[in-house]
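Structure data (PDB, C-alpha atoms) from data32.pdb:
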```pdb
MODEL        1
ATOM      1  CA  MET A   1     -77.994 -25.916 -41.031
ATOM      2  CA  THR A   2     -74.844 -25.480 -43.112
ATOM      3  CA  GLU A   3     -72.828 -28.414 -44.481
ATOM      4  CA  VAL A   4     -69.705 -27.420 -42.547
ATOM      5  CA  PRO A   5     -70.379 -27.173 -38.792
ATOM      6  CA  ARG A   6     -70.315 -23.602 -37.551
ATOM      7  CA  VAL A   7     -68.855 -23.028 -34.090
ATOM      8  CA  LEU A   8     -69.615 -19.617 -32.613
ATOM      9  CA  THR A   9     -66.663 -18.760 -30.379
ATOM     10  CA  ILE A  10     -67.187 -15.790 -28.054
ATOM     11  CA  GLN A  11     -64.116 -14.284 -26.403
ATOM     12  CA  ASP A  12     -61.407 -11.666 -26.788
ATOM     13  CA  MET A  13     -58.612 -11.280 -29.290
ATOM     14  CA  SER A  14     -55.189 -10.607 -27.784
ATOM     15  CA  SER A  15     -52.638  -9.419 -30.323
ATOM     16  CA  ILE A  16     -49.742 -10.820 -28.281
ATOM     17  CA  GLY A  17     -49.975 -14.034 -26.325
ATOM     18  CA  ARG A  18     -51.204 -16.868 -28.566
ATOM     19  CA  CYS A  19     -54.473 -17.250 -26.723
ATOM     20  CA  ALA A  20     -58.229 -16.730 -27.079
ATOM     21  CA  LEU A  21     -59.382 -16.145 -30.672
ATOM     22  CA  THR A  22     -55.891 -16.265 -32.159
ATOM     23  CA  VAL A  23     -55.671 -19.971 -31.256
ATOM     24  CA  MET A  24     -59.376 -20.875 -31.329
ATOM     25  CA  ILE A  25     -59.903 -19.930 -34.970
ATOM     26  CA  PRO A  26     -57.055 -21.937 -36.580
ATOM     27  CA  ILE A  27     -57.501 -25.030 -34.397
ATOM     28  CA  ILE A  28     -61.275 -25.268 -34.840
ATOM     29  CA  SER A  29     -60.792 -24.671 -38.562
ATOM     30  CA  ALA A  30     -58.146 -27.414 -38.756
ATOM     31  CA  MET A  31     -60.704 -29.784 -37.233
ATOM     32  CA  ARG A  32     -63.001 -29.227 -40.241
ATOM     33  CA  CYS A  33     -65.361 -26.761 -38.624
ATOM     34  CA  GLN A  34     -66.010 -23.116 -39.394
ATOM     35  CA  ALA A  35     -64.934 -20.960 -36.463
ATOM     36  CA  VAL A  36     -67.148 -17.860 -36.260
ATOM     37  CA  PRO A  37     -65.656 -15.276 -33.878
ATOM     38  CA  LEU A  38     -67.755 -12.909 -31.812
ATOM     39  CA  ALA A  39     -65.031 -10.750 -30.311
ATOM     40  CA  THR A  40     -65.755  -9.392 -26.859
ATOM     41  CA  ALA A  41     -62.692  -7.156 -26.808
ATOM     42  CA  VAL A  42     -59.378  -6.499 -28.514
ATOM     43  CA  LEU A  43     -56.292  -6.391 -26.312
ATOM     44  CA  SER A  44     -52.750  -5.362 -27.101
ATOM     45  CA  ASN A  45     -51.584  -8.452 -25.191
ATOM     46  CA  HIS A  46     -52.950 -10.854 -22.598
ATOM     47  CA  LEU A  47     -53.295  -9.851 -18.960
ATOM     48  CA  GLU A  48     -50.151 -11.598 -17.698
ATOM     49  CA  TYR A  49     -48.168  -8.626 -18.994
ATOM     50  CA  PRO A  50     -47.810  -5.711 -16.542
ATOM     51  CA  HIS A  51     -49.369  -3.268 -19.043
ATOM     52  CA  TYR A  52     -52.114  -3.683 -21.623
ATOM     53  CA  GLU A  53     -54.471  -1.702 -23.827
ATOM     54  CA  PHE A  54     -58.079  -2.825 -23.940
ATOM     55  CA  VAL A  55     -60.911  -2.006 -26.378
ATOM     56  CA  ASP A  56     -64.306  -3.188 -25.138
ATOM     57  CA  LEU A  57     -66.592  -4.375 -27.953
ATOM     58  CA  SER A  58     -69.672  -4.991 -25.799
ATOM     59  CA  ALA A  59     -71.604  -2.207 -27.529
ATOM     60  CA  HIS A  60     -71.249  -3.993 -30.891
ATOM     61  CA  MET A  61     -71.923  -7.611 -29.921
ATOM     62  CA  ARG A  62     -75.717  -7.370 -30.066
ATOM     63  CA  ASP A  63     -75.506  -5.677 -33.491
ATOM     64  CA  PHE A  64     -73.597  -8.695 -34.797
ATOM     65  CA  MET A  65     -76.216 -11.052 -33.390
ATOM     66  CA  ASP A  66     -79.032  -8.985 -34.894
ATOM     67  CA  CYS A  67     -77.346  -9.123 -38.295
ATOM     68  CA  TRP A  68     -76.920 -12.904 -38.084
ATOM     69  CA  ASP A  69     -80.607 -13.193 -37.246
ATOM     70  CA  LYS A  70     -81.540 -11.147 -40.302
ATOM     71  CA  ASN A  71     -79.287 -13.279 -42.511
ATOM     72  CA  GLU A  72     -80.718 -16.478 -40.974
ATOM     73  CA  ILE A  73     -77.268 -17.673 -39.937
ATOM     74  CA  ASP A  74     -77.209 -20.558 -37.479
ATOM     75  CA  PHE A  75     -74.629 -22.503 -35.511
ATOM     76  CA  HIS A  76     -73.966 -26.084 -34.436
ATOM     77  CA  ALA A  77     -72.142 -25.113 -31.242
ATOM     78  CA  ILE A  78     -71.482 -22.082 -29.063
ATOM     79  CA  VAL A  79     -68.246 -21.773 -27.094
ATOM     80  CA  SER A  80     -67.423 -18.979 -24.657
ATOM     81  CA  GLY A  81     -64.073 -18.064 -23.155
ATOM     82  CA  PHE A  82     -62.625 -15.000 -21.430
ATOM     83  CA  LEU A  83     -65.256 -12.321 -20.778
ATOM     84  CA  ALA A  84     -64.348  -8.889 -19.493
ATOM     85  CA  SER A  85     -67.487  -7.612 -17.732
ATOM     86  CA  PRO A  86     -70.848  -8.709 -16.309
ATOM     87  CA  GLU A  87     -72.453  -7.192 -19.412
ATOM     88  CA  GLN A  88     -70.430  -9.470 -21.683
ATOM     89  CA  ILE A  89     -71.419 -12.497 -19.618
ATOM     90  CA  HIS A  90     -75.077 -11.517 -20.025
ATOM     91  CA  LEU A  91     -74.531 -11.029 -23.772
ATOM     92  CA  VAL A  92     -73.225 -14.599 -24.031
ATOM     93  CA  GLU A  93     -76.365 -15.766 -22.240
ATOM     94  CA  GLU A  94     -78.377 -13.845 -24.853
ATOM     95  CA  ALA A  95     -76.402 -15.477 -27.671
ATOM     96  CA  ILE A  96     -77.190 -18.903 -26.207
ATOM     97  CA  ASP A  97     -80.867 -18.012 -25.921
ATOM     98  CA  ARG A  98     -80.950 -16.757 -29.520
ATOM     99  CA  PHE A  99     -78.764 -19.320 -31.312
ATOM    100  CA  GLY A 100     -78.662 -22.323 -28.982
ATOM    101  CA  ASN A 101     -82.298 -23.372 -28.696
ATOM    102  CA  ASN A 102     -82.200 -26.198 -31.258
ATOM    103  CA  GLY A 103     -79.981 -28.754 -29.559
ATOM    104  CA  GLN A 104     -76.696 -26.936 -30.219
ATOM    105  CA  MET A 105     -73.734 -27.921 -28.051
ATOM    106  CA  ILE A 106     -72.915 -25.218 -25.462
ATOM    107  CA  ILE A 107     -69.384 -25.221 -24.030
ATOM    108  CA  VAL A 108     -68.457 -22.674 -21.351
ATOM    109  CA  ASP A 109     -64.844 -22.096 -20.376
ATOM    110  CA  PRO A 110     -65.138 -19.813 -17.302
ATOM    111  CA  ALA A 111     -61.758 -18.252 -18.036
ATOM    112  CA  MET A 112     -61.450 -15.927 -15.062
ATOM    113  CA  ALA A 113     -58.691 -17.162 -12.747
ATOM    114  CA  ASP A 114     -55.484 -19.146 -12.368
ATOM    115  CA  ASP A 115     -52.970 -20.039  -9.676
ATOM    116  CA  GLY A 116     -55.462 -19.309  -6.905
ATOM    117  CA  ARG A 117     -56.413 -15.776  -7.921
ATOM    118  CA  LEU A 118     -58.847 -13.990 -10.195
ATOM    119  CA  TYR A 119     -57.551 -12.173 -13.255
ATOM    120  CA  SER A 120     -57.027  -8.482 -12.547
ATOM    121  CA  ILE A 121     -60.095  -7.421 -14.506
ATOM    122  CA  TYR A 122     -62.475  -9.802 -12.678
ATOM    123  CA  THR A 123     -64.698  -8.853  -9.718
ATOM    124  CA  PRO A 124     -66.828 -10.894  -7.294
ATOM    125  CA  ASP A 125     -69.948  -9.736  -9.183
ATOM    126  CA  MET A 126     -68.550 -11.290 -12.346
ATOM    127  CA  VAL A 127     -68.021 -14.604 -10.546
ATOM    128  CA  VAL A 128     -71.722 -14.573  -9.593
ATOM    129  CA  ALA A 129     -72.668 -13.821 -13.213
ATOM    130  CA  MET A 130     -70.400 -16.626 -14.433
ATOM    131  CA  ARG A 131     -72.253 -19.123 -12.245
ATOM    132  CA  GLN A 132     -75.436 -18.189 -14.095
ATOM    133  CA  LEU A 133     -73.736 -18.644 -17.472
ATOM    134  CA  VAL A 134     -72.424 -22.065 -16.399
ATOM    135  CA  SER A 135     -76.023 -23.131 -15.772
ATOM    136  CA  LYS A 136     -76.707 -22.841 -19.523
ATOM    137  CA  ALA A 137     -73.801 -25.091 -20.601
ATOM    138  CA  HIS A 138     -73.756 -28.714 -21.689
ATOM    139  CA  ILE A 139     -70.030 -28.850 -20.909
ATOM    140  CA  VAL A 140     -68.223 -26.598 -18.431
ATOM    141  CA  LYS A 141     -64.420 -26.564 -18.541
ATOM    142  CA  PRO A 142     -62.906 -24.763 -15.550
ATOM    143  CA  ASN A 143     -59.389 -25.081 -14.299
ATOM    144  CA  TYR A 144     -59.110 -25.990 -10.618
ATOM    145  CA  THR A 145     -58.823 -22.362  -9.486
ATOM    146  CA  GLU A 146     -61.954 -21.406 -11.426
ATOM    147  CA  ALA A 147     -63.811 -24.389  -9.985
ATOM    148  CA  CYS A 148     -62.968 -23.172  -6.480
ATOM    149  CA  PHE A 149     -64.321 -19.688  -7.261
ATOM    150  CA  LEU A 150     -67.471 -21.105  -8.862
ATOM    151  CA  LEU A 151     -68.059 -23.272  -5.789
ATOM    152  CA  ASP A 152     -67.015 -20.536  -3.333
ATOM    153  CA  ILE A 153     -64.494 -22.757  -1.591
ATOM    154  CA  PRO A 154     -60.879 -21.992  -0.566
ATOM    155  CA  PHE A 155     -58.143 -22.681  -3.101
ATOM    156  CA  SER A 156     -55.189 -24.831  -2.125
ATOM    157  CA  THR A 157     -52.414 -26.545  -4.044
ATOM    158  CA  ASP A 158     -52.671 -29.562  -1.736
ATOM    159  CA  PRO A 159     -53.674 -32.757  -3.605
ATOM    160  CA  ILE A 160     -57.274 -33.856  -3.050
ATOM    161  CA  SER A 161     -58.757 -37.339  -2.818
ATOM    162  CA  ASP A 162     -60.876 -38.925  -5.532
ATOM    163  CA  ASP A 163     -63.915 -38.559  -3.277
ATOM    164  CA  GLU A 164     -63.279 -34.831  -2.836
ATOM    165  CA  LEU A 165     -62.742 -34.438  -6.584
ATOM    166  CA  ARG A 166     -65.964 -36.275  -7.355
ATOM    167  CA  ASP A 167     -67.863 -34.119  -4.856
ATOM    168  CA  ARG A 168     -66.600 -30.896  -6.445
ATOM    169  CA  CYS A 169     -67.391 -32.091  -9.950
ATOM    170  CA  LYS A 170     -70.845 -33.177  -8.801
ATOM    171  CA  ARG A 171     -71.507 -29.746  -7.283
ATOM    172  CA  LEU A 172     -70.554 -28.108 -10.585
ATOM    173  CA  TYR A 173     -72.847 -30.535 -12.414
ATOM    174  CA  GLN A 174     -75.661 -29.531 -10.085
ATOM    175  CA  MET A 175     -75.278 -25.960 -11.365
ATOM    176  CA  GLY A 176     -76.656 -27.104 -14.735
ATOM    177  CA  PRO A 177     -74.126 -28.633 -17.166
ATOM    178  CA  ASP A 178     -74.181 -32.324 -18.109
ATOM    179  CA  MET A 179     -70.410 -32.746 -18.128
ATOM    180  CA  VAL A 180     -67.553 -31.197 -16.146
ATOM    181  CA  ILE A 181     -64.002 -31.189 -17.486
ATOM    182  CA  MET A 182     -61.641 -29.815 -14.842
ATOM    183  CA  THR A 183     -58.015 -29.073 -15.656
ATOM    184  CA  SER A 184     -55.050 -28.359 -13.369
ATOM    185  CA  VAL A 185     -56.282 -30.621 -10.573
ATOM    186  CA  PRO A 186     -53.613 -30.281  -7.829
ATOM    187  CA  SER A 187     -50.649 -32.620  -8.199
ATOM    188  CA  GLU A 188     -46.958 -32.153  -7.502
ATOM    189  CA  THR A 189     -45.787 -34.329 -10.386
ATOM    190  CA  HIS A 190     -48.499 -34.469 -13.063
ATOM    191  CA  ALA A 191     -50.903 -32.341 -15.060
ATOM    192  CA  VAL A 192     -54.237 -33.880 -14.070
ATOM    193  CA  ILE A 193     -57.557 -33.537 -15.888
ATOM    194  CA  ALA A 194     -60.846 -34.791 -14.452
ATOM    195  CA  VAL A 195     -63.824 -35.674 -16.664
ATOM    196  CA  TYR A 196     -67.151 -36.079 -14.897
ATOM    197  CA  ASP A 197     -70.389 -37.181 -16.535
ATOM    198  CA  GLY A 198     -73.171 -35.931 -14.305
ATOM    199  CA  PRO A 199     -76.110 -38.120 -15.334
ATOM    200  CA  THR A 200     -74.103 -41.324 -14.705
ATOM    201  CA  ASP A 201     -71.932 -40.012 -11.837
ATOM    202  CA  TYR A 202     -68.897 -41.310 -13.778
ATOM    203  CA  LEU A 203     -65.498 -39.777 -12.990
ATOM    204  CA  LYS A 204     -62.337 -40.408 -14.990
ATOM    205  CA  THR A 205     -58.956 -38.749 -14.502
ATOM    206  CA  TYR A 206     -56.111 -38.415 -16.976
ATOM    207  CA  ASP A 207     -52.575 -37.321 -16.189
ATOM    208  CA  ILE A 208     -49.294 -36.642 -17.914
ATOM    209  CA  PRO A 209     -45.923 -35.739 -16.370
ATOM    210  CA  LEU A 210     -45.852 -32.087 -15.374
ATOM    211  CA  ILE A 211     -43.565 -29.815 -17.396
ATOM    212  CA  PRO A 212     -42.299 -27.039 -15.083
ATOM    213  CA  VAL A 213     -42.994 -24.092 -17.384
ATOM    214  CA  LYS A 214     -45.626 -21.356 -17.406
ATOM    215  CA  ALA A 215     -47.388 -21.143 -20.768
ATOM    216  CA  THR A 216     -50.339 -18.887 -21.565
ATOM    217  CA  GLY A 217     -53.165 -19.968 -23.846
ATOM    218  CA  THR A 218     -53.011 -23.668 -22.988
ATOM    219  CA  GLY A 219     -56.575 -23.581 -21.657
ATOM    220  CA  ASP A 220     -57.801 -21.935 -24.855
ATOM    221  CA  ILE A 221     -55.999 -24.537 -26.958
ATOM    222  CA  PHE A 222     -57.587 -27.280 -24.863
ATOM    223  CA  THR A 223     -61.043 -25.729 -25.337
ATOM    224  CA  ALA A 224     -60.494 -25.385 -29.088
ATOM    225  CA  VAL A 225     -59.499 -29.040 -29.441
ATOM    226  CA  LEU A 226     -62.393 -30.067 -27.204
ATOM    227  CA  SER A 227     -64.856 -28.081 -29.332
ATOM    228  CA  GLY A 228     -63.613 -29.609 -32.568
ATOM    229  CA  ALA A 229     -63.568 -33.107 -31.074
ATOM    230  CA  VAL A 230     -67.155 -32.753 -29.837
ATOM    231  CA  MET A 231     -68.254 -31.660 -33.314
ATOM    232  CA  ARG A 232     -66.493 -34.638 -34.884
ATOM    233  CA  LEU A 233     -68.277 -36.909 -32.394
ATOM    234  CA  VAL A 234     -71.716 -35.315 -32.748
ATOM    235  CA  LEU A 235     -71.556 -34.603 -36.494
ATOM    236  CA  PRO A 236     -69.071 -37.090 -37.996
ATOM    237  CA  GLU A 237     -70.759 -36.987 -41.409
ATOM    238  CA  LEU A 238     -70.065 -33.239 -41.661
ATOM    239  CA  THR A 239     -66.590 -32.952 -40.130
ATOM    240  CA  GLN A 240     -65.214 -35.644 -42.487
ATOM    241  CA  LEU A 241     -66.260 -33.860 -45.683
TER     242      LEU A 241
ENDMDL
END
```

Using structure tokens, write down the structure from this file.
Amino acid sequence: MTEVPRVLTIQDMSSIGRCALTVMIPIISAMRCQAVPLATAVLSNHLEYPHYEFVDLSAHMRDFMDCWDKNEIDFHAIVSGFLASPEQIHLVEEAIDRFGNNGQMIIVDPAMADDGRLYSIYTPDMVVAMRQLVSKAHIVKPNYTEACFLLDIPFSTDPISDDELRDRCKRLYQMGPDMVIMTSVPSETHAVIAVYDGPTDYLKTYDIPLIPVKATGTGDIFTAVLSGAVMRLVLPELTQL
């Protein structure tokens, strides 16, 4: 392993939007890790804009992985974000099988939906494929909408009880990950995050006053900080160099 922790981050690069790789790379780097991008696609802008141009890089992802194998490059963690096709989801599974079989931390952000609806590029088949990818994670970090799609339950903005929240986190844990971190839990006044440790059945919620603005890339920023924080916790002797 290298002296500086390498975090393989697999997702798109959007030229406009301050999201995905454009925020993952600087934040992970600022947290004393080396962010290694495996770009799934290049977009002119994120999908909240009415028009976008999209270049699919699926055909090149395996070539990158083959080259890393030949160069004996390894990673301390693998993080996945927005994926644009079932093929890309399967390629992330392959990356985990190839580079994550030595105790590496696997963090899956199933970035596929928000505000009760799937992103325009997502299909029901991709939701099924995402459930399989989640099964390979140590930590899964869905927002509440994504959790509803993963669990195949109706989405609602109505607040839910602690018992209901625990049940939904437990069902996600039963898909395979050890820990569930759910953002955007319904609340009229606060931004609520739930952290659930599956093996101990421990649930903790955190909340801050809700700011009534729509901002893209916040989930990616959260995942970037989470990835760096996990590396600092798991490998403190390396991240403090």

**Message:** Here's the selection I'm unsure about, the PyMOL selection byres ((chain A and resi 54-60) around 7); applied to the file above, which residues does it give, as a list in words?
**Reply:**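 Applying the expression gives Ala39, Thr40, Ala41, Val42, Leu43, Ser44, Tyr52, Glu53, Met61, Arg62, Asp63, Phe64 and Gln88 of chain A.
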
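Of the listed residues (A:Thr9, A:Thr22, A:Ser161, A:Asn143), A:Asn143 comes nearest to Met112 (chain A); the distances count all atoms listed in the file.
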
**Request:** Starting from the shown file, work through the PyMOL selection byres ((chain A and resi 208) around 9) and note down what comes out as a ChimeraX atom specification.
**Result:** /A:189-192,206-207,209-211

Mind writing the picked residues with C-alpha atoms as a PDB file, keeping the file's coordinate frame?
```
ATOM      1  CA  THR A 189     -45.787 -34.329 -10.386  1.00  0.00           C
ATOM      2  CA  HIS A 190     -48.499 -34.469 -13.063  1.00  0.00           C
ATOM      3  CA  ALA A 191     -50.903 -32.341 -15.060  1.00  0.00           C
ATOM      4  CA  VAL A 192     -54.237 -33.880 -14.070  1.00  0.00           C
ATOM      5  CA  TYR A 206     -56.111 -38.415 -16.976  1.00  0.00           C
ATOM      6  CA  ASP A 207     -52.575 -37.321 -16.189  1.00  0.00           C
ATOM      7  CA  PRO A 209     -45.923 -35.739 -16.370  1.00  0.00           C
ATOM      8  CA  LEU A 210     -45.852 -32.087 -15.374  1.00  0.00           C
ATOM      9  CA  ILE A 211     -43.565 -29.815 -17.396  1.00  0.00           C
TER      10      ILE A 211
END
```

Polymer residues at most 12 Å from (-74.7, -28.9, -10.3) by only C-alpha atoms, as a tab-separated table (two decimals) with C-alpha atoms, in the frame of the given file:
```
chain	number	residue	atom	x	y	z
A	131	ARG	CA	-72.25	-19.12	-12.24
A	132	GLN	CA	-75.44	-18.19	-14.10
A	134	VAL	CA	-72.42	-22.06	-16.40
A	135	SER	CA	-76.02	-23.13	-15.77
A	136	LYS	CA	-76.71	-22.84	-19.52
A	137	ALA	CA	-73.80	-25.09	-20.60
A	138	HIS	CA	-73.76	-28.71	-21.69
A	139	ILE	CA	-70.03	-28.85	-20.91
A	140	VAL	CA	-68.22	-26.60	-18.43
A	147	ALA	CA	-63.81	-24.39	-9.98
A	150	LEU	CA	-67.47	-21.10	-8.86
A	151	LEU	CA	-68.06	-23.27	-5.79
A	166	ARG	CA	-65.96	-36.28	-7.36
A	167	ASP	CA	-67.86	-34.12	-4.86
A	168	ARG	CA	-66.60	-30.90	-6.44
A	169	CYS	CA	-67.39	-32.09	-9.95
A	170	LYS	CA	-70.84	-33.18	-8.80
A	171	ARG	CA	-71.51	-29.75	-7.28
A	172	LEU	CA	-70.55	-28.11	-10.58
A	173	TYR	CA	-72.85	-30.54	-12.41
A	174	GLN	CA	-75.66	-29.53	-10.09
A	175	MET	CA	-75.28	-25.96	-11.36
A	176	GLY	CA	-76.66	-27.10	-14.74
A	177	PRO	CA	-74.13	-28.63	-17.17
A	178	ASP	CA	-74.18	-32.32	-18.11
A	179	MET	CA	-70.41	-32.75	-18.13
A	180	VAL	CA	-67.55	-31.20	-16.15
A	196	TYR	CA	-67.15	-36.08	-14.90
A	197	ASP	CA	-70.39	-37.18	-16.54
A	198	GLY	CA	-73.17	-35.93	-14.30
A	199	PRO	CA	-76.11	-38.12	-15.33
A	201	ASP	CA	-71.93	-40.01	-11.84
```

**Message:** For the PyMOL selection byres ((chain A and resi 129) around 10), applied here, can you spell out every residue it catches as an MDAnalysis selection string?
**Reply:** chainID A and resid 85:90 93 124:128 130:134 150

**Request:** Would you kindly return, as a list in words, each protein, DNA or RNA residue with an atom no farther than 7 Å from any atom of region 221-232 of chain A, considering only C-alpha atoms and excluding same-chain residues fewer than 4 positions away?
**Result:** Val23, Met24, Ile27, Ile28, Met31, Cys33, Gly217, Pro236 and Thr239 of chain A

**Request:** Name the closest residue to Met13 (chain A) among the candidates A:Ala84, A:Leu203, A:Met65, A:Ala77; distances are taken between atoms, counting all atoms listed in the file.
**Result:** A:Ala84

**Fill in**
Residue with the minimum atom-to-atom distance to Leu47 (chain A), picked from A:Ser184, A:Asn101, A:Ser156, A:Thr216 with all atoms listed in the file counted, is A:Thr216

**Message:** When you look at Val36 (chain A) with a cut-off of 10 Å (counting all atoms listed in the file), what residues show up, excluding the ones that are within fewer than 4 positions of it in the same chain? I need them as a PyMOL selection string.
**Reply:** chain A and resi 6-10+21+24-25+28-29+75+78

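The gap separating CA of Trp68 (chain A) from CA of Pro37 (chain A) is 12.3 Å, in Å to one decimal.
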
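In this model, the gap between CA of Leu91 (chain A) and CA of Gln11 (chain A) comes to 11.2 Å.
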
**Request:** Might you pull out every residue within 10 Å of Thr205 (chain A), with all atoms listed in the file counted and same-chain residues fewer than 4 positions away left off, and present them as a list in words?
**Result:** Asp162, Leu165, Ile181, Met182, Thr183, Val185, Val192, Ile193, Ala194, Val195 and Tyr196 of chain A

Expected file: the selected residues, C-alpha atoms, as a PDB file, in the coordinates of the input:
```
ATOM      1  CA  ASP A 162     -60.876 -38.925  -5.532  1.00  0.00           C
ATOM      2  CA  LEU A 165     -62.742 -34.438  -6.584  1.00  0.00           C
ATOM      3  CA  ILE A 181     -64.002 -31.189 -17.486  1.00  0.00           C
ATOM      4  CA  MET A 182     -61.641 -29.815 -14.842  1.00  0.00           C
ATOM      5  CA  THR A 183     -58.015 -29.073 -15.656  1.00  0.00           C
ATOM      6  CA  VAL A 185     -56.282 -30.621 -10.573  1.00  0.00           C
ATOM      7  CA  VAL A 192     -54.237 -33.880 -14.070  1.00  0.00           C
ATOM      8  CA  ILE A 193     -57.557 -33.537 -15.888  1.00  0.00           C
ATOM      9  CA  ALA A 194     -60.846 -34.791 -14.452  1.00  0.00           C
ATOM     10  CA  VAL A 195     -63.824 -35.674 -16.664  1.00  0.00           C
ATOM     11  CA  TYR A 196     -67.151 -36.079 -14.897  1.00  0.00           C
TER      12      TYR A 196
END
```

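Between CA of Asn102 (chain A) and CA of Phe82 (chain A) there is a distance of 24.6 Å.
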
Excluding Arg117 (chain A) and residues on its chain fewer than 3 positions from it, collect all residues at most 12 Å away from it, counting all atoms listed in the file, and give them as a short mmCIF file (atom, residue, chain, number, x, y, z; two decimals) with C-alpha atoms, in the frame of the given file.
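Printed below is result_31.cif as written:
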```cif
data_model
loop_
_atom_site.label_atom_id
_atom_site.label_comp_id
_atom_site.auth_asym_id
_atom_site.auth_seq_id
_atom_site.Cartn_x
_atom_site.Cartn_y
_atom_site.Cartn_z
CA ALA A 111 -61.76 -18.25 -18.04
CA MET A 112 -61.45 -15.93 -15.06
CA ALA A 113 -58.69 -17.16 -12.75
CA ASP A 114 -55.48 -19.15 -12.37
CA SER A 120 -57.03 -8.48 -12.55
CA ILE A 121 -60.10 -7.42 -14.51
CA TYR A 122 -62.48 -9.80 -12.68
CA THR A 123 -64.70 -8.85 -9.72
CA PRO A 124 -66.83 -10.89 -7.29
CA VAL A 127 -68.02 -14.60 -10.55
CA ASN A 143 -59.39 -25.08 -14.30
CA TYR A 144 -59.11 -25.99 -10.62
CA THR A 145 -58.82 -22.36 -9.49
CA GLU A 146 -61.95 -21.41 -11.43
CA ALA A 147 -63.81 -24.39 -9.98
CA CYS A 148 -62.97 -23.17 -6.48
CA PHE A 149 -64.32 -19.69 -7.26
CA PRO A 154 -60.88 -21.99 -0.57
CA PHE A 155 -58.14 -22.68 -3.10
CA SER A 156 -55.19 -24.83 -2.12
#
```

**Asked** Hey, which of A:Asp152, A:Glu48, A:Asp69, A:Asp97 ends up closest to Cys19 (chain A)? Count only C-alpha atoms.
**Response** A:Glu48

Could region 52-67 of chain A be completed with N, CA and C atoms and returned as a short mmCIF file (atom, residue, chain, number, x, y, z; two decimals), keeping the file's coordinate frame?
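Contents of the output file part.cif:
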```cif
data_model
loop_
_atom_site.label_atom_id
_atom_site.label_comp_id
_atom_site.auth_asym_id
_atom_site.auth_seq_id
_atom_site.Cartn_x
_atom_site.Cartn_y
_atom_site.Cartn_z
N TYR A 52 -51.32 -3.27 -20.46
CA TYR A 52 -52.11 -3.68 -21.62
C TYR A 52 -53.06 -2.56 -22.02
N GLU A 53 -53.43 -2.59 -23.30
CA GLU A 53 -54.47 -1.70 -23.83
C GLU A 53 -55.68 -2.57 -24.15
N PHE A 54 -56.86 -2.02 -23.91
CA PHE A 54 -58.08 -2.82 -23.94
C PHE A 54 -59.19 -2.03 -24.64
N VAL A 55 -59.78 -2.63 -25.68
CA VAL A 55 -60.91 -2.01 -26.38
C VAL A 55 -62.13 -2.91 -26.18
N ASP A 56 -63.10 -2.42 -25.46
CA ASP A 56 -64.31 -3.19 -25.14
C ASP A 56 -65.26 -3.14 -26.32
N LEU A 57 -65.69 -4.30 -26.80
CA LEU A 57 -66.59 -4.38 -27.95
C LEU A 57 -68.03 -4.73 -27.56
N SER A 58 -68.34 -4.62 -26.27
CA SER A 58 -69.67 -4.99 -25.80
C SER A 58 -70.77 -4.28 -26.57
N ALA A 59 -70.56 -3.01 -26.87
CA ALA A 59 -71.60 -2.21 -27.53
C ALA A 59 -71.92 -2.70 -28.93
N HIS A 60 -71.05 -3.53 -29.52
CA HIS A 60 -71.25 -3.99 -30.89
C HIS A 60 -71.71 -5.45 -30.98
N MET A 61 -71.64 -6.17 -29.87
CA MET A 61 -71.92 -7.61 -29.92
C MET A 61 -73.37 -7.90 -30.30
N ARG A 62 -74.30 -7.14 -29.74
CA ARG A 62 -75.72 -7.37 -30.07
C ARG A 62 -76.00 -7.02 -31.52
N ASP A 63 -75.33 -6.02 -32.08
CA ASP A 63 -75.51 -5.68 -33.49
C ASP A 63 -75.10 -6.85 -34.39
N PHE A 64 -74.02 -7.52 -34.04
CA PHE A 64 -73.60 -8.70 -34.80
C PHE A 64 -74.68 -9.78 -34.73
N MET A 65 -75.19 -10.02 -33.55
CA MET A 65 -76.22 -11.05 -33.39
C MET A 65 -77.48 -10.70 -34.16
N ASP A 66 -77.85 -9.43 -34.14
CA ASP A 66 -79.03 -8.98 -34.89
C ASP A 66 -78.84 -9.23 -36.39
N CYS A 67 -77.63 -8.94 -36.88
CA CYS A 67 -77.35 -9.12 -38.30
C CYS A 67 -77.39 -10.60 -38.67
#
```
